[in-house]
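Colleague: One structure is given below, represented as structure tokens, and several questions about it will come after.
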Amino acid sequence: MMMEVKNVSFGYRGKQTVFKDFSLSLEEGSVYGLLGKNGTGKSTLLYLMTGLLRPRQGEVLYKGVNVFLRRPETLSQMFIVPEEFTLPKVSLKQFVSLNRPFYPRFSDELLRSCLRDFDMNEDIHLGELSMGQKKKAYMCFALATNTQLLVMDEPSNGLDIPSKSQFRRVVASGMSEDKAVIISTHQVRDIDSLLDHVVIIDGSRTLLNRSVSDICSRLCFDEVSSGELTGDELFTQPSVHGQSVILPNRLGEEESTLNLELLFNATLAHPEKIAQVFND
Amino acid sequence: MKFKESRPIYLQIADRICDEIRQGVYPEDGRIPSVREYAAIVEVNANTVVRTYDWLQSQEIIYTRRGLGYFVSPGAREKIFTLRKATFFATDLPEFFKQLRTLEIPISDIVRMYEEK
């Protein structure tokens, strides 16, 4: 197990508890999508995972080591791209030479190919970029650090339309067996084809933590006209075609394509019903 | 790449590769992109492309050469043609017949139209 969040409780000072006895495990080789409603603690969870916050109770382990010890060998293996950040007013080249010593697996080749994929060049100055460009430049650095764990909070926010597709390409090509990428997002359509694991949380509980292949072998996502409802549906939602539905996937039937938005709504509306499908 | 609902993405990608083989983008015995390269092209998770390649291999449309990657099988174009015909008879045609019955169109009308074209 690469990352283990064990019975963690956390709350910001003087505020309500965000997590209560919360647990979650992540393995390498996967792209995780972290989903949850606003204010359910997605960003907080990402900060806890990267040692930026200390749990009140419980612990967060990266390869068995408590991340809040902030050991160099732990921190050099993880990188987080927060939703908002400020960059120093220096050139990208200066930024890279200042920060790369912290990341032993840093790859110039990855940096170059990422910048190329995002239509950016190496001679940019971080003080002169728009918000979207800053985000792209920082993501290029993040991918180039080549850490085993890469965490991105709402990465597609602020990206223009072509950049969203470039972002998918960059993540798809930067992935390898020994890495894990965690992407938290509300823009499910920006990333759904990238994921191979879906995690849905709500504060105290992990509502769902399953691989996409697991989900698609148990659930079938379909569009039907309203007259075609059979009563077997686990969840329905009106759509342009009539109804978007989730059905139990009977053995031997061909798989459908994951509809992340529908799954998210269904899991929030009927967490027990969805959990039940995976326990049978 | 724009994906349709319902049909699994890995099979839609397989269709895309089959189209490319039919069009000669990848000639028989020619190398096709690696899993990661293809994942980047269609912007999906690499594991999805692994499933696509497994499926294409099981259909003997592509094969691996150890350490060199994936190649188009000899006879792949013919094979794709046969497979597509089979899919047409198994799924498209029954759907078409169903439509004819719902709309009460006699098959003779269709035959006449087909011959006129």
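Lettering and numbering for the structure tokens are positional, with chains as A, B, ... in the shown order, residues counted from 1 in each chain, and ligands counted from 1 in the shown order.
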From a backbone DSSP assignment, name each residue in segment 121-187 of chain A labelled alpha helix (DSSP H), as a VMD selection string.

Modeller: chain A and resid 131 to 144 161 to 174

Colleague: Got time to write the residues from that selection, N, CA and C atoms, as a JSON list (two decimals), in the first residue's frame?

Modeller:
[["chain", "number", "residue", "atom", "x", "y", "z"],
["A", 131, "MET", "N", -3.05, 33.55, -15.22],
["A", 131, "MET", "CA", -3.34, 32.51, -14.25],
["A", 131, "MET", "C", -3.28, 31.11, -14.87],
["A", 132, "GLY", "N", -3.91, 30.95, -16.04],
["A", 132, "GLY", "CA", -3.94, 29.65, -16.70],
["A", 132, "GLY", "C", -2.53, 29.20, -17.09],
["A", 133, "GLN", "N", -1.73, 30.14, -17.60],
["A", 133, "GLN", "CA", -0.36, 29.80, -18.01],
["A", 133, "GLN", "C", 0.50, 29.41, -16.81],
["A", 134, "LYS", "N", 0.26, 30.14, -15.68],
["A", 134, "LYS", "CA", 0.99, 29.83, -14.46],
["A", 134, "LYS", "C", 0.70, 28.40, -14.03],
["A", 135, "LYS", "N", -0.58, 28.08, -14.12],
["A", 135, "LYS", "CA", -1.00, 26.74, -13.71],
["A", 135, "LYS", "C", -0.33, 25.68, -14.59],
["A", 136, "LYS", "N", -0.29, 25.96, -15.90],
["A", 136, "LYS", "CA", 0.32, 25.00, -16.82],
["A", 136, "LYS", "C", 1.82, 24.87, -16.54],
["A", 137, "ALA", "N", 2.48, 26.01, -16.30],
["A", 137, "ALA", "CA", 3.92, 25.98, -16.04],
["A", 137, "ALA", "C", 4.21, 25.17, -14.77],
["A", 138, "TYR", "N", 3.38, 25.40, -13.74],
["A", 138, "TYR", "CA", 3.60, 24.70, -12.48],
["A", 138, "TYR", "C", 3.31, 23.21, -12.63],
["A", 139, "MET", "N", 2.29, 22.87, -13.42],
["A", 139, "MET", "CA", 1.99, 21.46, -13.65],
["A", 139, "MET", "C", 3.12, 20.78, -14.41],
["A", 140, "CYS", "N", 3.74, 21.50, -15.34],
["A", 140, "CYS", "CA", 4.89, 20.94, -16.06],
["A", 140, "CYS", "C", 6.01, 20.62, -15.09],
["A", 141, "PHE", "N", 6.27, 21.58, -14.16],
["A", 141, "PHE", "CA", 7.31, 21.32, -13.17],
["A", 141, "PHE", "C", 6.93, 20.12, -12.31],
["A", 142, "ALA", "N", 5.65, 20.09, -11.89],
["A", 142, "ALA", "CA", 5.17, 19.00, -11.04],
["A", 142, "ALA", "C", 5.39, 17.64, -11.70],
["A", 143, "LEU", "N", 5.02, 17.54, -12.99],
["A", 143, "LEU", "CA", 5.19, 16.27, -13.68],
["A", 143, "LEU", "C", 6.67, 15.94, -13.87],
["A", 144, "ALA", "N", 7.47, 16.97, -14.10],
["A", 144, "ALA", "CA", 8.90, 16.76, -14.33],
["A", 144, "ALA", "C", 9.61, 16.30, -13.06],
["A", 161, "ILE", "N", -10.04, 25.89, -23.19],
["A", 161, "ILE", "CA", -10.58, 24.65, -23.76],
["A", 161, "ILE", "C", -9.49, 23.73, -24.34],
["A", 162, "PRO", "N", -8.59, 24.24, -25.21],
["A", 162, "PRO", "CA", -7.54, 23.33, -25.70],
["A", 162, "PRO", "C", -6.63, 22.82, -24.60],
["A", 163, "SER", "N", -6.40, 23.63, -23.56],
["A", 163, "SER", "CA", -5.48, 23.18, -22.50],
["A", 163, "SER", "C", -6.04, 22.01, -21.72],
["A", 164, "LYS", "N", -7.37, 21.90, -21.63],
["A", 164, "LYS", "CA", -7.95, 20.78, -20.90],
["A", 164, "LYS", "C", -7.62, 19.47, -21.60],
["A", 165, "SER", "N", -7.68, 19.50, -22.93],
["A", 165, "SER", "CA", -7.34, 18.30, -23.67],
["A", 165, "SER", "C", -5.83, 18.04, -23.58],
["A", 166, "GLN", "N", -5.03, 19.11, -23.62],
["A", 166, "GLN", "CA", -3.58, 18.95, -23.48],
["A", 166, "GLN", "C", -3.24, 18.38, -22.10],
["A", 167, "PHE", "N", -4.00, 18.83, -21.10],
["A", 167, "PHE", "CA", -3.78, 18.33, -19.74],
["A", 167, "PHE", "C", -3.98, 16.81, -19.68],
["A", 168, "ARG", "N", -5.06, 16.34, -20.31],
["A", 168, "ARG", "CA", -5.32, 14.89, -20.31],
["A", 168, "ARG", "C", -4.17, 14.13, -20.98],
["A", 169, "ARG", "N", -3.67, 14.71, -22.08],
["A", 169, "ARG", "CA", -2.59, 14.06, -22.81],
["A", 169, "ARG", "C", -1.34, 13.98, -21.94],
["A", 170, "VAL", "N", -1.05, 15.10, -21.26],
["A", 170, "VAL", "CA", 0.14, 15.18, -20.43],
["A", 170, "VAL", "C", 0.08, 14.15, -19.30],
["A", 171, "VAL", "N", -1.06, 14.05, -18.63],
["A", 171, "VAL", "CA", -1.18, 13.09, -17.53],
["A", 171, "VAL", "C", -1.14, 11.66, -18.06],
["A", 172, "ALA", "N", -1.84, 11.41, -19.19],
["A", 172, "ALA", "CA", -1.87, 10.06, -19.74],
["A", 172, "ALA", "C", -0.47, 9.59, -20.13],
["A", 173, "SER", "N", 0.35, 10.49, -20.67],
["A", 173, "SER", "CA", 1.66, 10.05, -21.12],
["A", 173, "SER", "C", 2.69, 10.08, -20.00],
["A", 174, "GLY", "N", 2.42, 10.84, -18.90],
["A", 174, "GLY", "CA", 3.39, 10.90, -17.81],
["A", 174, "GLY", "C", 3.22, 9.80, -16.78]]

Colleague: Find the residues around Leu229 of chain A up to 10 Å (only C-alpha atoms counted), leave out those fewer than 6 positions away in its own chain, and share them as a PyMOL selection string.

Modeller: chain A and resi 236+242-243+245

Colleague: At a cut-off of 10 Å, can you tabulate as a tab-separated table every residue of chain A near chain B together with its closest atom pair and the distance in Å to one decimal, using only C-alpha atoms and ordering rows by chain then number?

Modeller:
residue	atom	partner	partner_atom	distance
A:Gly29	CA	B:Asn47	CA	9.3
A:Ser30	CA	B:Asn47	CA	8.7
A:Val31	CA	B:Asn45	CA	7.6
A:Ser165	CA	B:Glu43	CA	7.2
A:Gln166	CA	B:Glu43	CA	8.3
A:Phe167	CA	B:Glu43	CA	8.6
A:Arg168	CA	B:Glu43	CA	5.2
A:Arg169	CA	B:Ala40	CA	4.5
A:Val170	CA	B:Ala40	CA	7.0
A:Val171	CA	B:Ala40	CA	8.0
A:Ala172	CA	B:Ala40	CA	5.2
A:Ser173	CA	B:Ala40	CA	5.2
A:Gly174	CA	B:Arg36	CA	8.4
A:Met175	CA	B:Ala46	CA	7.7
A:Ser176	CA	B:Ala46	CA	8.6
A:Glu177	CA	B:Ala46	CA	9.8
A:Ile191	CA	B:Val44	CA	8.7
A:Asp192	CA	B:Val44	CA	8.5
A:Ser193	CA	B:Val44	CA	5.0
A:Leu194	CA	B:Asn45	CA	4.4
A:Leu195	CA	B:Asn45	CA	6.0
A:Asp196	CA	B:Asn45	CA	6.6
A:Val212	CA	B:Thr48	CA	9.7
A:Ser213	CA	B:Thr48	CA	9.1
A:Cys216	CA	B:Pro8	CA	8.9
A:Cys220	CA	B:Ser6	CA	8.1
A:Phe221	CA	B:Ser6	CA	6.3
A:Asp222	CA	B:Ser6	CA	5.6
A:Glu223	CA	B:Ser6	CA	7.7
A:Glu254	CA	B:Pro8	CA	8.0
A:Glu255	CA	B:Pro8	CA	5.8
A:Ser256	CA	B:Ser6	CA	4.5
A:Thr257	CA	B:Pro8	CA	4.6
A:Leu258	CA	B:Pro8	CA	8.0
A:Asn259	CA	B:Glu5	CA	7.8

Colleague: DSSP on the backbone, then: every residue of segment 12-233 of chain A marked strand (DSSP E), written as a PyMOL selection string.

Modeller: chain A and resi 17-26+31-35+57-62+65-66+78-81+149-153+180-184+197-202+205-211+219-224

Colleague: So that I can check the surroundings of Ala76 of chain B, please list as a PyMOL selection string every protein, DNA and RNA residue that reaches within 9 Å of it, counting only C-alpha atoms and ignoring chain neighbours fewer than 6 positions away.

Modeller: chain B and resi 18+21-22+28+60-62

Colleague: Atom CA of Ser204 of chain A to atom CA of Thr40 of chain A: how many Å, to one decimal?

Modeller: 8.8 Å

Colleague: Near Gln77 of chain A, counting only C-alpha atoms, which residues have an atom at most 9 Å away, once you skip same-chain residues fewer than 3 positions from it, shown as number ranges by chain?

Modeller: A: 72-74, 103-105, 145-150

Colleague: Could those selected residues go to a file with N, CA and C atoms, as a PDB file, in the first residue's frame?

Modeller:
ATOM      1  N   PRO A  72      12.808  14.002   4.524  1.00  0.00           N
ATOM      2  CA  PRO A  72      13.200  14.328   3.144  1.00  0.00           C
ATOM      3  C   PRO A  72      12.893  13.196   2.178  1.00  0.00           C
ATOM      4  N   GLU A  73      13.134  11.928   2.597  1.00  0.00           N
ATOM      5  CA  GLU A  73      12.894  10.815   1.670  1.00  0.00           C
ATOM      6  C   GLU A  73      11.399  10.646   1.387  1.00  0.00           C
ATOM      7  N   THR A  74      10.540  11.141   2.261  1.00  0.00           N
ATOM      8  CA  THR A  74       9.103  11.099   1.989  1.00  0.00           C
ATOM      9  C   THR A  74       8.715  12.267   1.079  1.00  0.00           C
ATOM     10  N   TYR A 103      14.169  16.978  -5.726  1.00  0.00           N
ATOM     11  CA  TYR A 103      13.493  15.835  -6.350  1.00  0.00           C
ATOM     12  C   TYR A 103      14.477  14.999  -7.145  1.00  0.00           C
ATOM     13  N   PRO A 104      14.971  13.910  -6.521  1.00  0.00           N
ATOM     14  CA  PRO A 104      16.059  13.132  -7.141  1.00  0.00           C
ATOM     15  C   PRO A 104      15.714  12.559  -8.517  1.00  0.00           C
ATOM     16  N   ARG A 105      14.428  12.324  -8.790  1.00  0.00           N
ATOM     17  CA  ARG A 105      14.092  11.711 -10.084  1.00  0.00           C
ATOM     18  C   ARG A 105      13.716  12.750 -11.144  1.00  0.00           C
ATOM     19  N   THR A 145       9.090  16.647 -11.876  1.00  0.00           N
ATOM     20  CA  THR A 145       9.730  16.164 -10.638  1.00  0.00           C
ATOM     21  C   THR A 145       9.695  14.644 -10.605  1.00  0.00           C
ATOM     22  N   ASN A 146       8.725  14.056 -11.354  1.00  0.00           N
ATOM     23  CA  ASN A 146       8.721  12.606 -11.535  1.00  0.00           C
ATOM     24  C   ASN A 146       8.569  11.872 -10.209  1.00  0.00           C
ATOM     25  N   THR A 147       7.874  12.513  -9.262  1.00  0.00           N
ATOM     26  CA  THR A 147       7.672  11.882  -7.955  1.00  0.00           C
ATOM     27  C   THR A 147       6.696  10.726  -8.104  1.00  0.00           C
ATOM     28  N   GLN A 148       6.754   9.807  -7.140  1.00  0.00           N
ATOM     29  CA  GLN A 148       5.860   8.653  -7.225  1.00  0.00           C
ATOM     30  C   GLN A 148       4.419   9.037  -6.939  1.00  0.00           C
ATOM     31  N   LEU A 149       4.251  10.087  -6.100  1.00  0.00           N
ATOM     32  CA  LEU A 149       2.894  10.547  -5.812  1.00  0.00           C
ATOM     33  C   LEU A 149       2.740  11.977  -6.326  1.00  0.00           C
ATOM     34  N   LEU A 150       1.732  12.164  -7.168  1.00  0.00           N
ATOM     35  CA  LEU A 150       1.442  13.504  -7.668  1.00  0.00           C
ATOM     36  C   LEU A 150      -0.004  13.832  -7.325  1.00  0.00           C
TER      37      LEU A 150
END

Colleague: Between atom CA of Gly33 of chain A and atom CA of Leu219 of chain A, measure the distance and give it in Å to one decimal.

Modeller: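 Spanning atom CA of Gly33 of chain A to atom CA of Leu219 of chain A is a straight-line distance of 17.9 Å.
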
Colleague: Grab the atom CA of Val240 of chain A to atom CA of Asp160 of chain A distance for me, in Å with one decimal place.

Modeller: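 For atom CA of Val240 of chain A relative to atom CA of Asp160 of chain A, the distance reads 26.3 Å.
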